[in-house]
Amino acid sequence: MDSDGRMLQLIWTFLLGHSSLLLSPVFPILFSLTVYLSCCLPFLLLDLLSSRWALVRSYKLQPQSSVSWASVRSCLALTLYNHVVFIFPLTVMHWYLRPVYLPQEAPSLTRLLAQVLVCLLLFDFQSFIWHLLHHKVPWLYRNFHKVHHTYTSTSALTTEHSGAWETLSLGFFAAANPVLLGCHPLTELTFFLLNIWLSVEDHCGYDLPWATHRLVPLGLYGGARHHDLHHLKSKGNYAPYFTHWDRLAGTLYTQD
């Protein structure tokens, strides 16, 4: 076993030491909320600083906008409501019907990275189709997706400002892909963590020098600028992360 494999095994062994928590029906909710709010926190701090610090404000995609405490409360309340009322009962049902199996060995690094990438690409495709339909079919937009477009200026907490249908359907895509691929639980957790971070970054409202879309070459990844433009115009840029599906469909919009 190489050094990367040993590191993964150490991480997995540590997690197995907390197997009672991992196997608990409340773990998915605790994990989701903890990771989500932790990812939002750095951007909320930037929002606080942007009103006082011109350098921070210069990175805002819509510098004329600001995040109000009312919007923070509204977004948090809806996120907590969806998790407690809708997601938690479903996770309990899933826990009862399909008990989690925790193997003793960690996956190889190559397998983990490959499966995380495939999960991400699958989720990107599923979300693109879902998102496109909810914009092209007025009934779907009016009854389900419109809630997410309450704010034309994105900020971290608007990531999960969605109705129950949108929250559950996108959550289903994210949860189903690792199962379809037969992923190791550590791979599954890694994908969930990355997916939540990228989703929050998409909605953060900042074009930072270290943003993911600046690290991925050839404009293959849209990122916050790509998604903020979608909220501003309420059309185009339907894929959450990558740009290839919007390019193929002719729905890619840029600042130009």
# chains A, B, ... in the order shown; residues from 1 in each chain; ligands from 1
call {"tool": "select_by_dssp", "arguments": {"residues": "stretch 14-253 of chain A", "states": "alpha helix (DSSP H)", "output": "PyMOL selection string"}}
result
chain A and resi 14-16+19-22+27-50+54-57+69-82+88-97+109-136+138-140+164-180+185-203+212-215+223-233+244-249
call {"tool": "residues_around", "arguments": {"residues": "A:His149", "least_positions_apart": "3", "cutoff": "10 Å", "atoms": "only C-alpha atoms", "output": "ChimeraX atom specification"}}
result
/A:141,145-146,152-154,158,161-162,230-232,234
call {"tool": "residues_around", "arguments": {"residues": "A:Ile196", "least_positions_apart": "4", "cutoff": "12 Å", "atoms": "only C-alpha atoms", "output": "tab-separated table (two decimals) with N, CA, C and O atoms, in the first residue's frame"}}
result
chain	number	residue	atom	x	y	z
A	31	PHE	N	-24.49	15.79	9.00
A	31	PHE	CA	-23.40	15.97	8.04
A	31	PHE	C	-23.75	17.06	7.04
A	31	PHE	O	-22.95	17.98	6.79
A	32	SER	N	-24.93	16.95	6.46
A	32	SER	CA	-25.36	17.91	5.43
A	32	SER	C	-25.39	19.34	5.96
A	32	SER	O	-24.83	20.25	5.35
A	33	LEU	N	-26.04	19.54	7.10
A	33	LEU	CA	-26.15	20.89	7.65
A	33	LEU	C	-24.81	21.43	8.12
A	33	LEU	O	-24.49	22.61	7.89
A	34	THR	N	-24.01	20.59	8.76
A	34	THR	CA	-22.71	21.03	9.26
A	34	THR	C	-21.78	21.43	8.12
A	34	THR	O	-21.15	22.50	8.16
A	35	VAL	N	-21.71	20.59	7.10
A	35	VAL	CA	-20.85	20.89	5.96
A	35	VAL	C	-21.36	22.13	5.22
A	35	VAL	O	-20.59	23.02	4.86
A	36	TYR	N	-22.67	22.19	5.01
A	36	TYR	CA	-23.26	23.32	4.27
A	36	TYR	C	-22.99	24.65	4.99
A	36	TYR	O	-22.50	25.61	4.38
A	37	LEU	N	-23.29	24.72	6.27
A	37	LEU	CA	-23.10	25.97	7.01
A	37	LEU	C	-21.62	26.31	7.14
A	37	LEU	O	-21.25	27.50	7.11
A	38	SER	N	-20.77	25.30	7.27
A	38	SER	CA	-19.32	25.55	7.33
A	38	SER	C	-18.81	26.12	6.01
A	38	SER	O	-17.94	27.01	5.99
A	39	CYS	N	-19.35	25.63	4.89
A	39	CYS	CA	-18.96	26.15	3.57
A	39	CYS	C	-19.46	27.58	3.37
A	39	CYS	O	-18.80	28.40	2.72
A	40	CYS	N	-20.63	27.87	3.93
A	40	CYS	CA	-21.21	29.21	3.77
A	40	CYS	C	-20.48	30.26	4.61
A	40	CYS	O	-20.40	31.44	4.23
A	120	LEU	N	-19.74	13.48	-9.97
A	120	LEU	CA	-19.89	14.92	-10.22
A	120	LEU	C	-20.39	15.18	-11.63
A	120	LEU	O	-21.28	16.02	-11.85
A	123	PHE	N	-24.08	14.11	-11.83
A	123	PHE	CA	-24.93	15.10	-11.16
A	123	PHE	C	-25.06	16.36	-12.01
A	123	PHE	O	-26.14	16.95	-12.10
A	156	ALA	N	-24.03	33.08	-0.52
A	156	ALA	CA	-23.83	31.68	-0.13
A	156	ALA	C	-25.11	31.00	0.35
A	156	ALA	O	-25.41	29.87	-0.05
A	157	LEU	N	-25.88	31.68	1.20
A	157	LEU	CA	-27.06	31.03	1.79
A	157	LEU	C	-28.23	30.89	0.81
A	157	LEU	O	-29.20	30.19	1.11
A	159	THR	N	-27.94	29.29	-1.79
A	159	THR	CA	-27.70	27.97	-2.40
A	159	THR	C	-28.87	27.04	-2.15
A	159	THR	O	-29.34	26.35	-3.07
A	160	GLU	N	-29.34	26.98	-0.91
A	160	GLU	CA	-30.43	26.06	-0.56
A	160	GLU	C	-31.74	26.80	-0.29
A	160	GLU	O	-32.61	26.27	0.40
A	170	LEU	N	-33.03	17.24	-6.27
A	170	LEU	CA	-31.59	17.37	-6.46
A	170	LEU	C	-30.84	16.52	-5.43
A	170	LEU	O	-29.79	15.95	-5.74
A	171	GLY	N	-31.38	16.45	-4.23
A	171	GLY	CA	-30.79	15.58	-3.21
A	171	GLY	C	-30.84	14.12	-3.63
A	171	GLY	O	-29.91	13.34	-3.35
A	174	ALA	N	-28.04	13.44	-6.13
A	174	ALA	CA	-26.75	13.37	-5.44
A	174	ALA	C	-26.59	12.07	-4.67
A	174	ALA	O	-25.51	11.47	-4.66
A	189	LEU	N	-18.94	10.07	1.01
A	189	LEU	CA	-18.79	11.25	1.86
A	189	LEU	C	-17.96	12.32	1.16
A	189	LEU	O	-18.26	13.52	1.25
A	190	THR	N	-16.91	11.89	0.47
A	190	THR	CA	-16.05	12.83	-0.26
A	190	THR	C	-16.83	13.55	-1.35
A	190	THR	O	-16.72	14.77	-1.52
A	191	PHE	N	-17.64	12.79	-2.09
A	191	PHE	CA	-18.47	13.39	-3.14
A	191	PHE	C	-19.47	14.38	-2.55
A	191	PHE	O	-19.65	15.49	-3.07
A	192	PHE	N	-20.15	14.00	-1.48
A	192	PHE	CA	-21.12	14.89	-0.85
A	192	PHE	C	-20.45	16.18	-0.40
A	192	PHE	O	-20.99	17.28	-0.60
A	200	VAL	N	-22.14	25.76	-3.04
A	200	VAL	CA	-22.07	27.02	-2.29
A	200	VAL	C	-21.19	28.02	-3.02
A	200	VAL	O	-21.53	29.20	-3.14
A	201	GLU	N	-20.06	27.55	-3.53
A	201	GLU	CA	-19.16	28.45	-4.27
A	201	GLU	C	-19.87	29.04	-5.49
A	201	GLU	O	-19.68	30.20	-5.83
A	202	ASP	N	-20.69	28.23	-6.16
A	202	ASP	CA	-21.47	28.70	-7.31
A	202	ASP	C	-22.35	29.90	-6.95
A	202	ASP	O	-22.57	30.78	-7.77
A	203	HIS	N	-22.88	29.88	-5.73
A	203	HIS	CA	-23.83	30.90	-5.30
A	203	HIS	C	-23.20	32.00	-4.44
A	203	HIS	O	-23.91	32.87	-3.95
A	240	PRO	N	-24.92	23.18	-13.41
A	240	PRO	CA	-24.43	23.80	-12.17
A	240	PRO	C	-22.93	24.05	-12.15
A	240	PRO	O	-22.47	25.02	-11.53
A	241	TYR	N	-22.16	23.20	-12.81
A	241	TYR	CA	-20.71	23.29	-12.69
A	241	TYR	C	-20.00	23.45	-14.02
A	241	TYR	O	-19.41	24.49	-14.28
call {"tool": "closest_residue", "arguments": {"among": "A:Thr254, A:Ser66, A:Thr212, A:Gln9", "to": "A:Ser199", "atoms": "only C-alpha atoms"}}
result
A:Thr212
call {"tool": "closest_residue", "arguments": {"among": "A:Gln126, A:Thr91, A:Asn177, A:Ser155", "to": "A:Ala224", "atoms": "only C-alpha atoms"}}
result
A:Ser155
call {"tool": "closest_residue", "arguments": {"among": "A:His244, A:Phe27, A:Gly205, A:Val116", "to": "A:Leu181", "atoms": "only C-alpha atoms"}}
result
A:Val116
call {"tool": "residues_around", "arguments": {"residues": "A:Trp95", "least_positions_apart": "3", "cutoff": "9 Å", "atoms": "only C-alpha atoms", "output": "list in words"}}
result
Leu23, Ser24, Pro25, Leu90, Thr91, Val92, Arg98, Pro99 and Val100 of chain A
call {"tool": "write_last_selection", "arguments": {"atoms": "N, CA and C atoms", "output": "mmCIF file, in the first residue's frame"}}
result
data_model
loop_
_atom_site.group_PDB
_atom_site.id
_atom_site.type_symbol
_atom_site.label_atom_id
_atom_site.label_comp_id
_atom_site.auth_asym_id
_atom_site.auth_seq_id
_atom_site.Cartn_x
_atom_site.Cartn_y
_atom_site.Cartn_z
ATOM 1 N N LEU A 23 -23.643 5.224 11.477
ATOM 2 C CA LEU A 23 -24.791 4.344 11.241
ATOM 3 C C LEU A 23 -26.102 4.921 11.769
ATOM 4 N N SER A 24 -26.028 6.069 12.411
ATOM 5 C CA SER A 24 -27.223 6.681 12.992
ATOM 6 C C SER A 24 -28.100 7.310 11.908
ATOM 7 N N PRO A 25 -29.421 7.256 12.070
ATOM 8 C CA PRO A 25 -30.313 7.886 11.082
ATOM 9 C C PRO A 25 -30.205 9.404 11.063
ATOM 10 N N LEU A 90 -37.216 11.147 5.389
ATOM 11 C CA LEU A 90 -36.768 10.278 4.297
ATOM 12 C C LEU A 90 -35.472 9.553 4.648
ATOM 13 N N THR A 91 -34.566 10.231 5.352
ATOM 14 C CA THR A 91 -33.324 9.565 5.750
ATOM 15 C C THR A 91 -33.595 8.467 6.778
ATOM 16 N N VAL A 92 -34.564 8.687 7.651
ATOM 17 C CA VAL A 92 -34.936 7.648 8.626
ATOM 18 C C VAL A 92 -35.510 6.435 7.896
ATOM 19 N N ARG A 98 -32.613 0.327 4.091
ATOM 20 C CA ARG A 98 -31.317 -0.026 3.499
ATOM 21 C C ARG A 98 -30.196 0.307 4.483
ATOM 22 N N PRO A 99 -29.937 -0.578 5.440
ATOM 23 C CA PRO A 99 -28.888 -0.343 6.443
ATOM 24 C C PRO A 99 -27.531 -0.090 5.786
ATOM 25 N N VAL A 100 -26.756 0.793 6.384
ATOM 26 C CA VAL A 100 -25.440 1.139 5.855
ATOM 27 C C VAL A 100 -24.440 0.039 6.202
#
call {"tool": "closest_residue", "arguments": {"among": "A:Leu112, A:Leu215, A:Leu132, A:Leu102", "to": "A:Thr251", "atoms": "only C-alpha atoms"}}
result
A:Leu132
call {"tool": "decode", "arguments": {"residues": "stretch 45-184 of chain A", "atoms": "C-alpha atoms", "output": "mmCIF file, in the first residue's frame"}}
result
data_model
loop_
_atom_site.group_PDB
_atom_site.id
_atom_site.type_symbol
_atom_site.label_atom_id
_atom_site.label_comp_id
_atom_site.auth_asym_id
_atom_site.auth_seq_id
_atom_site.Cartn_x
_atom_site.Cartn_y
_atom_site.Cartn_z
ATOM 1 C CA LEU A 45 -17.671 36.841 6.564
ATOM 2 C CA LEU A 46 -16.784 38.317 3.168
ATOM 3 C CA ASP A 47 -20.312 39.750 2.975
ATOM 4 C CA LEU A 48 -19.758 41.478 6.324
ATOM 5 C CA LEU A 49 -16.397 42.852 5.182
ATOM 6 C CA SER A 50 -17.517 43.946 1.708
ATOM 7 C CA SER A 51 -19.553 46.884 3.007
ATOM 8 C CA ARG A 52 -16.457 48.258 4.783
ATOM 9 C CA TRP A 53 -13.561 47.099 2.622
ATOM 10 C CA ALA A 54 -13.320 48.181 -1.027
ATOM 11 C CA LEU A 55 -10.867 45.380 -1.876
ATOM 12 C CA VAL A 56 -13.379 42.705 -0.866
ATOM 13 C CA ARG A 57 -16.207 44.523 -2.646
ATOM 14 C CA SER A 58 -14.144 44.607 -5.856
ATOM 15 C CA TYR A 59 -14.472 40.822 -6.070
ATOM 16 C CA LYS A 60 -18.270 40.881 -5.793
ATOM 17 C CA LEU A 61 -20.016 39.895 -9.001
ATOM 18 C CA GLN A 62 -22.779 42.426 -8.285
ATOM 19 C CA PRO A 63 -20.963 45.071 -6.192
ATOM 20 C CA GLN A 64 -24.083 47.233 -5.922
ATOM 21 C CA SER A 65 -25.901 44.484 -3.996
ATOM 22 C CA SER A 66 -25.620 43.667 -0.324
ATOM 23 C CA VAL A 67 -26.790 40.803 1.874
ATOM 24 C CA SER A 68 -29.409 41.814 4.454
ATOM 25 C CA TRP A 69 -30.023 40.132 7.789
ATOM 26 C CA ALA A 70 -33.605 39.566 6.660
ATOM 27 C CA SER A 71 -32.398 37.500 3.680
ATOM 28 C CA VAL A 72 -29.976 35.572 5.916
ATOM 29 C CA ARG A 73 -32.812 34.697 8.312
ATOM 30 C CA SER A 74 -35.144 33.764 5.455
ATOM 31 C CA CYS A 75 -32.576 31.481 3.784
ATOM 32 C CA LEU A 76 -31.590 29.794 7.041
ATOM 33 C CA ALA A 77 -35.202 29.258 8.052
ATOM 34 C CA LEU A 78 -36.112 27.632 4.721
ATOM 35 C CA THR A 79 -33.005 25.427 4.770
ATOM 36 C CA LEU A 80 -33.730 24.189 8.297
ATOM 37 C CA TYR A 81 -37.424 23.703 7.516
ATOM 38 C CA ASN A 82 -36.682 21.544 4.452
ATOM 39 C CA HIS A 83 -34.146 19.447 6.353
ATOM 40 C CA VAL A 84 -36.322 18.837 9.402
ATOM 41 C CA VAL A 85 -39.732 18.427 7.758
ATOM 42 C CA PHE A 86 -38.823 16.657 4.511
ATOM 43 C CA ILE A 87 -35.260 15.325 4.417
ATOM 44 C CA PHE A 88 -35.050 13.876 7.924
ATOM 45 C CA PRO A 89 -38.116 11.565 7.615
ATOM 46 C CA LEU A 90 -36.768 10.278 4.297
ATOM 47 C CA THR A 91 -33.324 9.565 5.750
ATOM 48 C CA VAL A 92 -34.936 7.648 8.626
ATOM 49 C CA MET A 93 -36.956 5.592 6.116
ATOM 50 C CA HIS A 94 -33.811 4.973 4.031
ATOM 51 C CA TRP A 95 -31.888 3.974 7.183
ATOM 52 C CA TYR A 96 -34.610 1.467 8.058
ATOM 53 C CA LEU A 97 -34.982 -0.030 4.570
ATOM 54 C CA ARG A 98 -31.317 -0.026 3.499
ATOM 55 C CA PRO A 99 -28.888 -0.343 6.443
ATOM 56 C CA VAL A 100 -25.440 1.139 5.855
ATOM 57 C CA TYR A 101 -22.573 -1.319 5.427
ATOM 58 C CA LEU A 102 -19.136 -0.139 6.602
ATOM 59 C CA PRO A 103 -16.260 -2.197 5.163
ATOM 60 C CA GLN A 104 -12.987 -2.365 7.087
ATOM 61 C CA GLU A 105 -10.765 -1.336 4.189
ATOM 62 C CA ALA A 106 -10.630 2.082 2.566
ATOM 63 C CA PRO A 107 -10.850 2.459 -1.225
ATOM 64 C CA SER A 108 -7.728 3.170 -3.265
ATOM 65 C CA LEU A 109 -7.054 6.833 -3.997
ATOM 66 C CA THR A 110 -7.364 6.235 -7.755
ATOM 67 C CA ARG A 111 -10.759 4.574 -7.365
ATOM 68 C CA LEU A 112 -11.989 7.275 -4.967
ATOM 69 C CA LEU A 113 -10.974 10.155 -7.257
ATOM 70 C CA ALA A 114 -12.334 8.471 -10.394
ATOM 71 C CA GLN A 115 -15.712 7.708 -8.816
ATOM 72 C CA VAL A 116 -16.024 11.181 -7.285
ATOM 73 C CA LEU A 117 -15.399 12.698 -10.729
ATOM 74 C CA VAL A 118 -17.978 10.395 -12.376
ATOM 75 C CA CYS A 119 -20.523 11.225 -9.633
ATOM 76 C CA LEU A 120 -19.893 14.915 -10.216
ATOM 77 C CA LEU A 121 -20.276 14.617 -13.992
ATOM 78 C CA LEU A 122 -23.476 12.580 -13.615
ATOM 79 C CA PHE A 123 -24.928 15.097 -11.164
ATOM 80 C CA ASP A 124 -23.992 17.941 -13.499
ATOM 81 C CA PHE A 125 -25.842 16.265 -16.392
ATOM 82 C CA GLN A 126 -28.908 15.398 -14.303
ATOM 83 C CA SER A 127 -29.090 18.917 -12.886
ATOM 84 C CA PHE A 128 -28.699 20.436 -16.354
ATOM 85 C CA ILE A 129 -31.705 18.494 -17.713
ATOM 86 C CA TRP A 130 -33.737 19.156 -14.541
ATOM 87 C CA HIS A 131 -32.876 22.864 -14.555
ATOM 88 C CA LEU A 132 -33.514 23.326 -18.280
ATOM 89 C CA LEU A 133 -36.960 21.715 -17.985
ATOM 90 C CA HIS A 134 -37.896 23.911 -15.011
ATOM 91 C CA HIS A 135 -37.088 27.031 -17.017
ATOM 92 C CA LYS A 136 -38.614 25.927 -20.322
ATOM 93 C CA VAL A 137 -41.892 24.595 -18.861
ATOM 94 C CA PRO A 138 -43.690 27.602 -17.289
ATOM 95 C CA TRP A 139 -45.786 25.440 -14.935
ATOM 96 C CA LEU A 140 -42.661 23.804 -13.484
ATOM 97 C CA TYR A 141 -40.931 27.146 -13.046
ATOM 98 C CA ARG A 142 -43.956 28.846 -11.495
ATOM 99 C CA ASN A 143 -44.781 26.046 -9.053
ATOM 100 C CA PHE A 144 -41.336 24.742 -8.127
ATOM 101 C CA HIS A 145 -38.225 26.580 -9.309
ATOM 102 C CA LYS A 146 -39.336 30.185 -8.863
ATOM 103 C CA VAL A 147 -38.535 30.074 -5.121
ATOM 104 C CA HIS A 148 -34.839 29.622 -5.909
ATOM 105 C CA HIS A 149 -34.939 32.741 -8.083
ATOM 106 C CA THR A 150 -36.243 34.952 -5.291
ATOM 107 C CA TYR A 151 -32.814 36.602 -5.223
ATOM 108 C CA THR A 152 -31.311 37.914 -8.472
ATOM 109 C CA SER A 153 -28.029 38.548 -6.654
ATOM 110 C CA THR A 154 -26.471 35.340 -5.356
ATOM 111 C CA SER A 155 -24.960 34.831 -1.914
ATOM 112 C CA ALA A 156 -23.827 31.683 -0.125
ATOM 113 C CA LEU A 157 -27.060 31.033 1.787
ATOM 114 C CA THR A 158 -29.198 31.337 -1.365
ATOM 115 C CA THR A 159 -27.696 27.972 -2.397
ATOM 116 C CA GLU A 160 -30.431 26.061 -0.561
ATOM 117 C CA HIS A 161 -33.148 28.691 -0.762
ATOM 118 C CA SER A 162 -35.449 26.285 -2.593
ATOM 119 C CA GLY A 163 -38.804 24.620 -2.207
ATOM 120 C CA ALA A 164 -39.177 21.061 -0.956
ATOM 121 C CA TRP A 165 -39.516 19.573 -4.466
ATOM 122 C CA GLU A 166 -36.262 21.116 -5.676
ATOM 123 C CA THR A 167 -34.384 20.234 -2.489
ATOM 124 C CA LEU A 168 -35.560 16.617 -2.552
ATOM 125 C CA SER A 169 -35.145 16.002 -6.284
ATOM 126 C CA LEU A 170 -31.591 17.368 -6.465
ATOM 127 C CA GLY A 171 -30.785 15.582 -3.213
ATOM 128 C CA PHE A 172 -32.058 12.363 -4.785
ATOM 129 C CA PHE A 173 -29.704 12.755 -7.769
ATOM 130 C CA ALA A 174 -26.750 13.367 -5.440
ATOM 131 C CA ALA A 175 -27.599 10.388 -3.224
ATOM 132 C CA ALA A 176 -28.423 7.963 -6.055
ATOM 133 C CA ASN A 177 -25.221 8.338 -8.085
ATOM 134 C CA PRO A 178 -22.799 6.830 -5.513
ATOM 135 C CA VAL A 179 -25.254 3.956 -5.009
ATOM 136 C CA LEU A 180 -25.449 3.316 -8.771
ATOM 137 C CA LEU A 181 -21.658 3.262 -8.995
ATOM 138 C CA GLY A 182 -21.272 1.056 -5.901
ATOM 139 C CA CYS A 183 -19.086 3.626 -4.175
ATOM 140 C CA HIS A 184 -17.311 3.028 -0.888
#
